[in-house]
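Text of run36.csv (CSV, C-alpha atoms) as supplied:
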chain,number,residue,atom,x,y,z
Y,90,MET,CA,112.3,-99.7,272.6
Y,91,ASN,CA,110.3,-99.2,275.8
Y,92,ASP,CA,107.8,-96.3,275.2
Y,93,SER,CA,109.0,-94.6,278.4
Y,94,ALA,CA,112.5,-94.3,276.9
Y,95,LEU,CA,111.2,-92.6,273.8
Y,96,THR,CA,112.2,-88.9,273.6
Y,97,PRO,CA,111.8,-86.3,270.9
Y,98,GLU,CA,115.6,-86.5,270.3
Y,99,ARG,CA,115.5,-90.2,269.7
Y,100,ILE,CA,112.6,-89.9,267.3
Y,101,LEU,CA,114.4,-87.2,265.4
Y,102,ALA,CA,117.6,-89.2,265.2
Y,103,ALA,CA,115.7,-92.2,263.9
Y,104,ALA,CA,113.8,-90.1,261.4
Y,105,GLU,CA,117.1,-88.7,260.1
Y,106,GLU,CA,118.5,-92.1,259.7
Y,107,VAL,CA,115.4,-93.3,257.8
Y,108,LEU,CA,115.6,-90.3,255.5
Y,109,ARG,CA,119.3,-90.9,254.9
Y,110,ARG,CA,118.8,-94.6,254.1
Y,111,TYR,CA,115.6,-94.6,252.2
Y,112,GLY,CA,114.9,-91.1,251.0
Y,113,ARG,CA,111.8,-89.1,251.5
Y,114,GLY,CA,109.3,-91.6,250.0
Y,115,LYS,CA,110.0,-94.1,252.8
Y,116,ALA,CA,110.2,-91.7,255.7
Y,117,THR,CA,106.7,-91.9,257.2
Y,118,VAL,CA,105.8,-91.8,260.8
Y,119,VAL,CA,105.1,-95.6,260.6
Y,120,ASP,CA,108.6,-96.2,259.2
Y,121,VAL,CA,110.2,-94.2,262.0
Y,122,ALA,CA,108.2,-96.0,264.6
Y,123,GLN,CA,109.2,-99.3,263.1
Y,124,ALA,CA,112.9,-98.3,263.2
Y,125,LEU,CA,112.5,-97.5,266.9
Y,126,GLY,CA,110.5,-100.6,267.7
Y,127,VAL,CA,107.6,-98.6,269.0
Y,128,SER,CA,104.0,-98.0,267.9
Y,129,HIS,CA,103.2,-95.1,265.7
Y,130,GLY,CA,100.9,-93.9,268.4
Y,131,SER,CA,104.0,-93.5,270.6
Y,132,VAL,CA,105.6,-91.2,268.0
Y,133,TYR,CA,102.5,-89.2,267.7
Y,134,ARG,CA,102.6,-88.5,271.4
Y,135,HIS,CA,105.8,-86.5,270.8
Y,136,PHE,CA,105.0,-85.0,267.3
Y,137,ALA,CA,101.4,-84.2,266.8
Y,138,SER,CA,101.4,-84.7,263.1
Y,139,LYS,CA,103.5,-85.9,260.2
Y,140,ALA,CA,104.2,-82.3,259.3
Y,141,ALA,CA,105.4,-81.5,262.9
Y,142,LEU,CA,107.9,-84.3,262.6
Y,143,ARG,CA,109.0,-83.2,259.2
Y,144,ASP,CA,109.4,-79.6,260.4
Y,145,ALA,CA,111.5,-80.7,263.4
Y,146,VAL,CA,113.8,-82.9,261.3
Y,147,LEU,CA,114.3,-80.2,258.7
Y,148,ARG,CA,114.9,-77.5,261.4
Y,149,GLY,CA,117.4,-79.7,263.1
Y,150,TRP,CA,119.3,-80.4,259.8
Y,151,LEU,CA,119.4,-76.7,258.9
Y,152,GLU,CA,120.5,-75.6,262.4
Y,153,ARG,CA,123.4,-78.0,262.4
Y,154,MET,CA,124.3,-77.1,258.9
Y,155,MET,CA,124.3,-73.4,259.7
Y,156,ALA,CA,126.1,-73.5,263.1
Y,157,PRO,CA,129.5,-72.4,261.5
Y,158,LEU,CA,127.7,-69.3,260.1
Y,159,ARG,CA,126.4,-68.2,263.5
Y,160,ALA,CA,129.9,-68.5,264.9
Y,161,ILE,CA,131.4,-66.4,262.1
Y,162,ALA,CA,128.6,-63.7,262.4
Y,163,ALA,CA,129.3,-63.5,266.2
Y,164,SER,CA,133.1,-63.3,265.8
Y,165,ARG,CA,135.3,-60.3,266.2
Y,166,THR,CA,136.9,-60.5,262.8
Y,167,ALA,CA,137.0,-57.1,261.0
Y,168,PRO,CA,133.6,-56.7,259.3
Y,169,PRO,CA,134.8,-56.8,255.6
Y,170,ALA,CA,136.7,-60.1,256.2
Y,171,ARG,CA,133.9,-61.4,258.4
Y,172,LEU,CA,131.4,-60.8,255.6
Y,173,ARG,CA,133.6,-62.5,253.0
Y,174,GLN,CA,134.2,-65.4,255.3
Y,175,TRP,CA,130.5,-65.7,256.1
Y,176,LEU,CA,129.4,-65.7,252.5
Y,177,ALA,CA,132.1,-68.1,251.5
Y,178,THR,CA,131.1,-70.5,254.3
Y,179,LEU,CA,127.4,-70.3,253.3
Y,180,ARG,CA,128.4,-71.1,249.8
Y,181,SER,CA,130.7,-74.0,250.7
Y,182,ILE,CA,128.2,-75.6,253.1
Y,183,LYS,CA,125.5,-75.6,250.5
Y,184,ARG,CA,127.8,-76.7,247.7
Y,185,ASP,CA,129.3,-79.5,249.8
Y,186,LYS,CA,125.9,-80.9,250.6
Y,187,ALA,CA,124.6,-80.5,247.0
Y,188,LEU,CA,127.6,-82.0,245.3
Y,189,GLY,CA,128.8,-84.4,248.1
Y,190,GLU,CA,125.5,-85.9,249.1
Y,191,PRO,CA,123.2,-85.1,246.2
Y,192,GLU,CA,120.5,-87.7,247.2
Y,193,LEU,CA,120.2,-86.4,250.7
Y,194,PHE,CA,120.3,-82.8,249.5
Y,195,ALA,CA,117.4,-83.7,247.1
Y,196,THR,CA,115.5,-85.4,250.0
Y,197,TYR,CA,115.8,-82.4,252.3
Y,198,GLY,CA,115.0,-80.1,249.3
Y,199,ALA,CA,111.7,-82.1,248.9
Y,200,LEU,CA,110.9,-81.7,252.6
Y,201,ALA,CA,111.7,-78.0,252.3
Y,202,ALA,CA,109.2,-77.6,249.5
Y,203,ASP,CA,106.4,-78.4,251.9
Y,204,ALA,CA,107.8,-76.6,254.9
Y,205,ARG,CA,107.5,-72.9,254.0
Y,206,GLU,CA,107.5,-71.7,257.6
Y,207,VAL,CA,110.7,-73.5,258.5
Y,208,ILE,CA,112.4,-72.2,255.4
Y,209,GLY,CA,111.2,-68.7,256.1
Y,210,GLU,CA,112.7,-68.9,259.6
Y,211,HIS,CA,116.0,-70.3,258.2
Y,212,VAL,CA,116.2,-67.5,255.6
Y,213,GLU,CA,115.4,-64.9,258.2
Y,214,HIS,CA,118.2,-66.2,260.5
Y,215,LEU,CA,120.7,-65.9,257.6
Y,216,ARG,CA,119.5,-62.4,256.8
Y,217,GLU,CA,119.8,-61.3,260.4
Y,218,GLN,CA,123.4,-62.6,260.5
Y,219,ILE,CA,124.3,-60.6,257.5
Y,220,THR,CA,122.5,-57.6,258.9
Y,221,SER,CA,124.6,-57.9,262.1
Y,222,ILE,CA,127.8,-58.0,260.1
Y,223,VAL,CA,126.9,-55.0,258.0
Y,224,ALA,CA,125.8,-53.0,261.1
Y,225,ALA,CA,129.1,-53.8,262.8
Y,226,GLY,CA,130.9,-52.5,259.7
Y,227,VAL,CA,128.9,-49.3,259.6
Y,228,ALA,CA,129.6,-48.8,263.3
Y,229,SER,CA,133.4,-49.4,262.9
Y,230,GLY,CA,133.6,-47.2,259.8
Y,231,ASP,CA,134.7,-50.1,257.6
Y,232,PHE,CA,131.5,-49.7,255.6
Y,233,ARG,CA,129.7,-46.6,254.5
Y,234,GLN,CA,126.5,-45.4,256.2
Y,235,VAL,CA,124.0,-47.9,254.7
Y,236,ASP,CA,120.7,-49.2,256.0
Y,237,ALA,CA,122.1,-52.5,257.4
Y,238,ARG,CA,118.9,-54.5,256.9
Y,239,ALA,CA,118.1,-53.4,253.4
Y,240,THR,CA,121.8,-53.9,252.4
Y,241,ALA,CA,121.8,-57.3,254.0
Y,242,LEU,CA,118.8,-58.3,251.9
Y,243,ALA,CA,120.6,-57.1,248.8
Y,244,ILE,CA,123.7,-59.1,249.6
Y,245,PHE,CA,121.6,-62.2,250.2
Y,246,ASP,CA,119.9,-61.7,246.9
Y,247,ALA,CA,123.1,-60.9,245.0
Y,248,THR,CA,124.7,-64.1,246.2
Y,249,SER,CA,121.6,-66.3,245.5
Y,250,ARG,CA,123.4,-67.7,242.4
Y,251,PHE,CA,125.8,-69.4,244.8
Y,252,HIS,CA,123.6,-70.5,247.7
Y,253,TYR,CA,120.0,-70.9,246.4
Y,254,PRO,CA,119.3,-74.7,246.1
Y,255,GLY,CA,117.6,-74.1,242.7
Y,256,MET,CA,120.9,-73.0,241.3
Y,257,ALA,CA,122.8,-76.1,242.5
Y,258,HIS,CA,123.1,-77.5,239.0
Y,259,LEU,CA,125.6,-74.6,238.3
Y,260,TRP,CA,127.8,-75.2,241.3
Y,261,GLY,CA,130.0,-77.9,239.7
Y,262,THR,CA,130.9,-75.9,236.6
Y,263,PRO,CA,134.5,-74.6,236.2
Y,264,GLY,CA,135.2,-71.0,237.1
Y,265,GLU,CA,132.8,-71.0,240.0
Y,266,ASP,CA,135.4,-70.0,242.6
Y,267,ALA,CA,136.7,-67.1,240.6
Y,268,ALA,CA,133.1,-65.9,239.8
Y,269,PHE,CA,132.2,-66.0,243.4
Y,270,ALA,CA,135.3,-64.1,244.5
Y,271,GLN,CA,134.7,-61.5,241.8
Y,272,LEU,CA,131.1,-61.0,243.0
Y,273,VAL,CA,132.1,-60.6,246.7
Y,274,ASP,CA,134.8,-58.1,245.7
Y,275,LEU,CA,132.2,-56.1,243.9
Y,276,LEU,CA,129.8,-56.2,246.9
Y,277,LEU,CA,132.6,-55.2,249.3
Y,278,ALA,CA,133.6,-52.4,247.1
Y,279,GLY,CA,130.0,-51.2,247.2
Y,280,LEU,CA,130.1,-51.1,250.9
Y,281,ALA,CA,133.4,-49.3,251.2
Y,282,PRO,CA,133.3,-45.8,252.7
Y,283,THR,CA,133.0,-43.2,250.1
Y,284,THR,CA,135.3,-40.9,251.9
Y,285,ALA,CA,138.5,-42.1,253.6
Y,286,PRO,CA,137.6,-44.1,256.8
Y,287,PRO,CA,137.8,-42.1,260.0
Y,288,ARG,CA,141.0,-42.7,261.8
Y,289,ARG,CA,140.6,-45.0,264.7
Y,290,ARG,CA,141.7,-43.5,267.9
Y,291,LYS,CA,144.3,-45.4,269.7
Y,292,SER,CA,143.1,-46.6,273.0
Y,293,ALA,CA,144.3,-44.4,275.8
Y,294,GLY,CA,147.1,-46.2,277.5
E,247,MET,CA,100.3,-73.9,200.7
E,248,ASN,CA,102.3,-74.6,197.6
E,249,ASP,CA,105.7,-76.0,198.5
E,250,SER,CA,107.5,-73.4,196.4
E,251,ALA,CA,106.0,-70.6,198.6
E,252,LEU,CA,107.4,-72.3,201.7
E,253,THR,CA,110.2,-70.2,203.3
E,254,PRO,CA,112.1,-70.7,206.6
E,255,GLU,CA,110.3,-67.5,207.9
E,256,ARG,CA,106.9,-69.0,207.2
E,257,ILE,CA,107.8,-72.2,208.9
E,258,LEU,CA,109.1,-70.4,211.9
E,259,ALA,CA,105.9,-68.3,212.1
E,260,ALA,CA,103.8,-71.4,211.9
E,261,ALA,CA,105.9,-73.2,214.5
E,262,GLU,CA,105.5,-70.3,216.9
E,263,GLU,CA,101.8,-70.2,216.4
E,264,VAL,CA,101.5,-73.9,217.1
E,265,LEU,CA,103.6,-73.6,220.3
E,266,ARG,CA,101.5,-70.7,221.4
E,267,ARG,CA,98.3,-72.5,220.8
E,268,TYR,CA,99.1,-76.0,221.9
E,269,GLY,CA,102.2,-75.9,224.0
E,270,ARG,CA,105.3,-77.9,223.6
E,271,GLY,CA,103.8,-81.4,223.5
E,272,LYS,CA,101.9,-80.7,220.3
E,273,ALA,CA,104.6,-78.8,218.4
E,274,THR,CA,106.1,-81.5,216.3
E,275,VAL,CA,107.3,-81.1,212.7
E,276,VAL,CA,104.3,-82.9,211.6
E,277,ASP,CA,102.0,-80.5,213.4
E,278,VAL,CA,103.8,-77.5,211.9
E,279,ALA,CA,103.6,-79.0,208.4
E,280,GLN,CA,99.9,-79.7,208.9
E,281,ALA,CA,99.3,-76.1,210.0
E,282,LEU,CA,101.0,-74.9,206.8
E,283,GLY,CA,99.2,-77.5,204.6
E,284,VAL,CA,102.5,-79.0,203.4
E,285,SER,CA,104.1,-82.4,203.8
E,286,HIS,CA,106.6,-82.8,206.7
E,287,GLY,CA,109.2,-83.6,204.0
E,288,SER,CA,108.8,-80.0,202.8
E,289,VAL,CA,109.5,-78.7,206.3
E,290,TYR,CA,112.6,-80.9,206.5
E,291,ARG,CA,114.0,-79.4,203.3
E,292,HIS,CA,114.4,-76.1,205.3
E,293,PHE,CA,115.2,-77.5,208.8
E,294,ALA,CA,117.3,-80.6,208.7
E,295,SER,CA,116.0,-81.9,212.0
E,296,LYS,CA,113.4,-81.4,214.7
E,297,ALA,CA,116.2,-79.9,216.9
E,298,ALA,CA,117.2,-77.5,214.1
E,299,LEU,CA,113.6,-76.2,213.9
E,300,ARG,CA,113.4,-76.0,217.7
E,301,ASP,CA,116.7,-74.0,217.9
E,302,ALA,CA,115.6,-71.6,215.2
E,303,VAL,CA,112.3,-70.9,217.0
E,304,LEU,CA,113.9,-70.4,220.3
E,305,ARG,CA,116.6,-68.2,218.9
E,306,GLY,CA,114.0,-66.0,217.1
E,307,TRP,CA,112.0,-65.7,220.3
E,308,LEU,CA,115.0,-64.7,222.4
E,309,GLU,CA,116.3,-62.2,219.8
E,310,ARG,CA,113.0,-60.4,219.6
E,311,MET,CA,112.7,-60.4,223.4
E,312,MET,CA,116.2,-59.0,223.8
E,313,ALA,CA,116.1,-56.3,221.1
E,314,PRO,CA,115.4,-53.5,223.6
E,315,LEU,CA,118.5,-54.5,225.5
E,316,ARG,CA,120.7,-54.2,222.5
E,317,ALA,CA,119.4,-50.7,221.9
E,318,ILE,CA,120.1,-49.7,225.5
E,319,ALA,CA,123.6,-51.2,225.5
E,320,ALA,CA,124.4,-49.3,222.3
E,321,SER,CA,122.9,-46.0,223.5
E,322,ARG,CA,124.9,-42.9,224.6
E,323,THR,CA,123.3,-42.7,228.0
E,324,ALA,CA,125.9,-42.1,230.8
E,325,PRO,CA,127.2,-45.6,231.8
E,326,PRO,CA,125.8,-45.8,235.3
E,327,ALA,CA,122.3,-44.8,234.2
E,328,ARG,CA,122.7,-47.1,231.1
E,329,LEU,CA,123.7,-50.1,233.3
E,330,ARG,CA,120.7,-49.5,235.6
E,331,GLN,CA,118.3,-49.1,232.7
E,332,TRP,CA,119.7,-52.2,231.0
E,333,LEU,CA,119.4,-54.4,234.1
E,334,ALA,CA,115.9,-53.0,234.9
E,335,THR,CA,114.8,-53.8,231.3
E,336,LEU,CA,116.2,-57.3,231.4
E,337,ARG,CA,114.3,-57.9,234.6
E,338,SER,CA,111.1,-56.5,233.3
E,339,ILE,CA,111.2,-58.4,230.0
E,340,LYS,CA,111.7,-61.6,231.9
E,341,ARG,CA,109.1,-60.8,234.5
E,342,ASP,CA,106.5,-59.7,232.1
E,343,LYS,CA,106.9,-63.0,230.1
E,344,ALA,CA,106.9,-65.1,233.2
E,345,LEU,CA,104.0,-63.5,235.0
E,346,GLY,CA,102.0,-62.3,231.9
E,347,GLU,CA,102.2,-65.4,229.7
E,348,PRO,CA,103.2,-68.2,232.2
E,349,GLU,CA,102.2,-71.0,229.9
E,350,LEU,CA,104.2,-69.7,226.9
E,351,PHE,CA,107.1,-69.0,229.3
E,352,ALA,CA,107.0,-72.6,230.5
E,353,THR,CA,106.8,-73.8,226.9
E,354,TYR,CA,109.9,-71.9,225.8
E,355,GLY,CA,111.6,-72.9,229.1
E,356,ALA,CA,111.1,-76.5,228.2
E,357,LEU,CA,112.5,-75.9,224.7
E,358,ALA,CA,115.5,-74.1,226.3
E,359,ALA,CA,116.2,-77.1,228.6
E,360,ASP,CA,117.1,-79.1,225.5
E,361,ALA,CA,118.9,-76.3,223.6
E,362,ARG,CA,122.1,-75.6,225.5
E,363,GLU,CA,123.9,-74.1,222.6
E,364,VAL,CA,121.2,-71.5,221.9
E,365,ILE,CA,121.0,-70.6,225.6
E,366,GLY,CA,124.8,-70.4,225.8
E,367,GLU,CA,124.8,-67.9,222.9
E,368,HIS,CA,122.0,-65.9,224.4
E,369,VAL,CA,123.7,-65.6,227.8
E,370,GLU,CA,126.9,-64.7,226.1
E,371,HIS,CA,125.2,-61.9,224.2
E,372,LEU,CA,123.8,-60.5,227.4
E,373,ARG,CA,127.2,-60.7,229.1
E,374,GLU,CA,128.9,-58.9,226.1
E,375,GLN,CA,126.3,-56.1,226.4
E,376,ILE,CA,127.1,-55.7,230.1
E,377,THR,CA,130.8,-55.8,229.4
E,378,SER,CA,130.4,-53.0,226.8
E,379,ILE,CA,128.6,-50.8,229.3
E,380,VAL,CA,131.2,-51.4,232.1
E,381,ALA,CA,134.0,-50.8,229.6
E,382,ALA,CA,132.3,-47.5,228.6
E,383,GLY,CA,132.1,-46.5,232.2
E,384,VAL,CA,135.7,-47.3,232.9
E,385,ALA,CA,136.7,-45.3,229.8
E,386,SER,CA,134.6,-42.3,230.8
E,387,GLY,CA,135.8,-42.4,234.4
E,388,ASP,CA,132.3,-43.0,235.8
E,389,PHE,CA,133.5,-46.4,237.0
E,390,ARG,CA,136.7,-47.4,238.6
E,391,GLN,CA,139.4,-49.3,236.7
E,392,VAL,CA,137.9,-52.8,236.8
E,393,ASP,CA,138.3,-55.7,234.4
E,394,ALA,CA,135.2,-55.1,232.4
E,395,ARG,CA,134.5,-58.7,231.4
E,396,ALA,CA,135.0,-60.2,234.9
E,397,THR,CA,132.9,-57.5,236.4
E,398,ALA,CA,130.2,-58.0,233.9
E,399,LEU,CA,130.0,-61.6,234.8
E,400,ALA,CA,129.8,-60.7,238.4
E,401,ILE,CA,126.9,-58.3,237.7
E,402,PHE,CA,125.1,-60.9,235.6
E,403,ASP,CA,125.5,-63.4,238.5
E,404,ALA,CA,124.5,-60.9,241.1
E,405,THR,CA,121.3,-60.1,239.4
E,406,SER,CA,120.4,-63.8,238.6
E,407,ARG,CA,117.8,-63.6,241.4
E,408,PHE,CA,115.8,-61.2,239.2
E,409,HIS,CA,116.4,-62.7,235.7
E,410,TYR,CA,117.1,-66.4,235.9
E,411,PRO,CA,114.0,-68.3,234.9
E,412,GLY,CA,114.4,-70.8,237.7
E,413,MET,CA,113.8,-67.9,240.1
E,414,ALA,CA,110.6,-66.8,238.4
E,415,HIS,CA,108.4,-68.2,241.3
E,416,LEU,CA,109.8,-65.3,243.4
E,417,TRP,CA,109.1,-62.5,241.0
E,418,GLY,CA,105.5,-61.9,242.0
E,419,THR,CA,106.2,-61.5,245.7
E,420,PRO,CA,105.8,-58.0,247.3
E,421,GLY,CA,108.9,-55.9,247.8
E,422,GLU,CA,110.6,-57.1,244.6
E,423,ASP,CA,111.0,-53.6,243.1
E,424,ALA,CA,112.6,-52.2,246.2
E,425,ALA,CA,114.9,-55.3,246.6
E,426,PHE,CA,116.0,-54.9,243.0
E,427,ALA,CA,116.7,-51.2,243.3
E,428,GLN,CA,118.7,-51.8,246.5
E,429,LEU,CA,120.8,-54.5,244.7
E,430,VAL,CA,121.5,-52.3,241.7
E,431,ASP,CA,122.4,-49.4,244.1
E,432,LEU,CA,124.9,-51.6,245.8
E,433,LEU,CA,126.5,-52.8,242.5
E,434,LEU,CA,126.8,-49.2,241.2
E,435,ALA,CA,128.4,-48.2,244.4
E,436,GLY,CA,130.8,-51.0,243.9
E,437,LEU,CA,131.7,-49.6,240.5
E,438,ALA,CA,132.1,-46.0,241.6
E,439,PRO,CA,135.6,-44.6,241.4
E,440,THR,CA,137.5,-45.1,244.6
E,441,THR,CA,139.7,-42.1,244.5
E,442,ALA,CA,139.1,-40.5,247.9
E,443,PRO,CA,138.7,-36.8,247.8
E,444,PRO,CA,142.2,-35.3,248.0
E,445,ARG,CA,143.3,-34.8,251.5
E,446,ARG,CA,143.3,-31.3,252.6
E,447,ARG,CA,146.8,-30.4,253.4
E,448,LYS,CA,147.2,-28.1,256.3
E,449,SER,CA,148.4,-24.9,254.9
E,450,ALA,CA,152.1,-24.7,255.1
E,451,GLY,CA,153.1,-22.6,258.1
Represent the structure from my file as structure tokens, please.
Amino acid sequence: MNDSALTPERILAAAEEVLRRYGRGKATVVDVAQALGVSHGSVYRHFASKAALRDAVLRGWLERMMAPLRAIAASRTAPPARLRQWLATLRSIKRDKALGEPELFATYGALAADAREVIGEHVEHLREQITSIVAAGVASGDFRQVDARATALAIFDATSRFHYPGMAHLWGTPGEDAAFAQLVDLLLAGLAPTTAPPRRRKSAG
Amino acid sequence: MNDSALTPERILAAAEEVLRRYGRGKATVVDVAQALGVSHGSVYRHFASKAALRDAVLRGWLERMMAPLRAIAASRTAPPARLRQWLATLRSIKRDKALGEPELFATYGALAADAREVIGEHVEHLREQITSIVAAGVASGDFRQVDARATALAIFDATSRFHYPGMAHLWGTPGEDAAFAQLVDLLLAGLAPTTAPPRRRKSAG
């Protein structure tokens, strides 16, 4: 490839392909440069360090993986159903990756272990999305008057068993679907208004 | 030691001491026999295999560790307070071991990885204790009419973040106490009776 045609996007695509094919051990800047037919100096012009390239690859993977969640969080589905759908989607995204592409999941897991900042951002985005759903439910009267942020953190913690990569070894065991549904039922019950929900006013018309 | 004075209890005590001093690598049957001044054949008369000795040591350690939980589960404290106390105690027992004696915690963790049956029993005992507390709360009317067993499993899963050894790396981070309290609040809210306060009827005209 001509150096002038080299863009960050092309480098990231090549890095992902190298990771997918060879795993983490083989995914050095030199390997990526080789796959593109450029010098490693050309790669370094776009990513200042090996860590910067790693972070960009991991960030891209996480953002693509999490795109369905952003759409759900921003939807107009009633907050209790929206929260259930969001949590179920987080679970199934993680589980599909962990069980469906275990080597790639392990490869990205190893990248993540060295990329605290990227993982911190990722977790924060997830927590913000839960917060927005809880806040919407409090505003609509579907949920009781809780602190949306603190409650969102509790929901994120409570469901770790089903989304934290360190628990992935449990995700293939029988009864997981029922256990997850039971847990979400309990959390939603914990959010339900303690008095009957205020009647919604019908829009004037 | 004279072989005739050798009892399973003495062997277990010696095995624990060897584990505590030297870690798992060094805790073979031969090492335990040496610590007791007997032949390894004498140890094998009481424990048929290395795995049998390992299981007995692990089971003893877990049972001693979990004794306070049994007492709480069997207490007459009101079920909501009893559940909170039980969960807080499970958390603090695990955390104290993990943070206070990290090497010993890792040693027993390594034993546990090979002792699925013992760990299965241990988890089942914990789940039974939660089930008994939930059932007591349903019976007393402090909790709503839930399936005690299924709900207990959900509570156990929901709190994994704070008691599963694979999550121990998070237990020293700031804000853990508040996060745990928030989670337990949410679970207890989810167990609260749902009967809305009776609607006030307008006085008949």
Write out as a PyMOL selection string every residue belonging to chain E that has an atom at most 7 Å from any atom of chain Y, counting only C-alpha atoms.
-> chain E and resi 397+400+403-407+412+425+428-429+432-433+435-436+442-443
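Once chain E has been superposed on chain Y by least squares across all Cα atoms, the two differ by an RMSD of 5.2 Å.
For the pair atom CA of Y:His129 and atom CA of Y:Thr196, the separation is 22.2 Å.
Using only C-alpha atoms, the protein and nucleic acid residues lying no more than 7 Å from stretch 300-316 of chain E, apart from those fewer than 2 places from it along its own chain, are Leu258, Glu262, Lys296, Ala297, Ala298, Ile318, Ala319, Ala320, Trp332, Thr335, Leu336, Tyr354, Ala361 and Val364 of chain E.
Between atom CA of Y:Ala225 and atom CA of Y:Arg238 lies a distance of 11.8 Å.
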E:Gln280 environment, 12 Å, only C-alpha atoms, sequence neighbours closer than 4 positions dropped, as a VMD selection string | chain E and resid 247 257 260 to 261 264 272 to 276 284 to 289
Place a sphere of radius 12 Å on (119.7, -87.3, 248.4) in the file coordinates and name every protein, DNA or RNA residue with an atom inside or on its surface, counting all atoms listed in the file; give the answer as a short mmCIF file (atom, residue, chain, number, x, y, z; two decimals) with C-alpha atoms, in the coordinates of the input.
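What follows is the written file out-v4.cif:
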data_model
loop_
_atom_site.label_atom_id
_atom_site.label_comp_id
_atom_site.auth_asym_id
_atom_site.auth_seq_id
_atom_site.Cartn_x
_atom_site.Cartn_y
_atom_site.Cartn_z
CA VAL Y 107 115.40 -93.30 257.80
CA LEU Y 108 115.60 -90.30 255.50
CA ARG Y 109 119.30 -90.90 254.90
CA ARG Y 110 118.80 -94.60 254.10
CA TYR Y 111 115.60 -94.60 252.20
CA GLY Y 112 114.90 -91.10 251.00
CA ARG Y 113 111.80 -89.10 251.50
CA GLY Y 114 109.30 -91.60 250.00
CA LYS Y 186 125.90 -80.90 250.60
CA ALA Y 187 124.60 -80.50 247.00
CA LEU Y 188 127.60 -82.00 245.30
CA GLY Y 189 128.80 -84.40 248.10
CA GLU Y 190 125.50 -85.90 249.10
CA PRO Y 191 123.20 -85.10 246.20
CA GLU Y 192 120.50 -87.70 247.20
CA LEU Y 193 120.20 -86.40 250.70
CA PHE Y 194 120.30 -82.80 249.50
CA ALA Y 195 117.40 -83.70 247.10
CA THR Y 196 115.50 -85.40 250.00
CA TYR Y 197 115.80 -82.40 252.30
CA GLY Y 198 115.00 -80.10 249.30
CA ALA Y 199 111.70 -82.10 248.90
CA LEU Y 200 110.90 -81.70 252.60
#
What separation in Å, quoted to one decimal, exists between atom CA of E:Ser386 and atom CA of E:Pro325?
-> 8.2 Å
Pick out the residues sitting within 12 Å of Y:Ala167, and hand them over as a count of residues only; count all atoms listed in the file, and ignore anything fewer than 5 positions along from it in its own chain.
-> 17
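Compared by their closest atoms to E:Ala359, and using only C-alpha atoms, the residues E:Ala327, E:Ala334, E:Pro254, E:Pro411 rank with E:Pro411 nearest.
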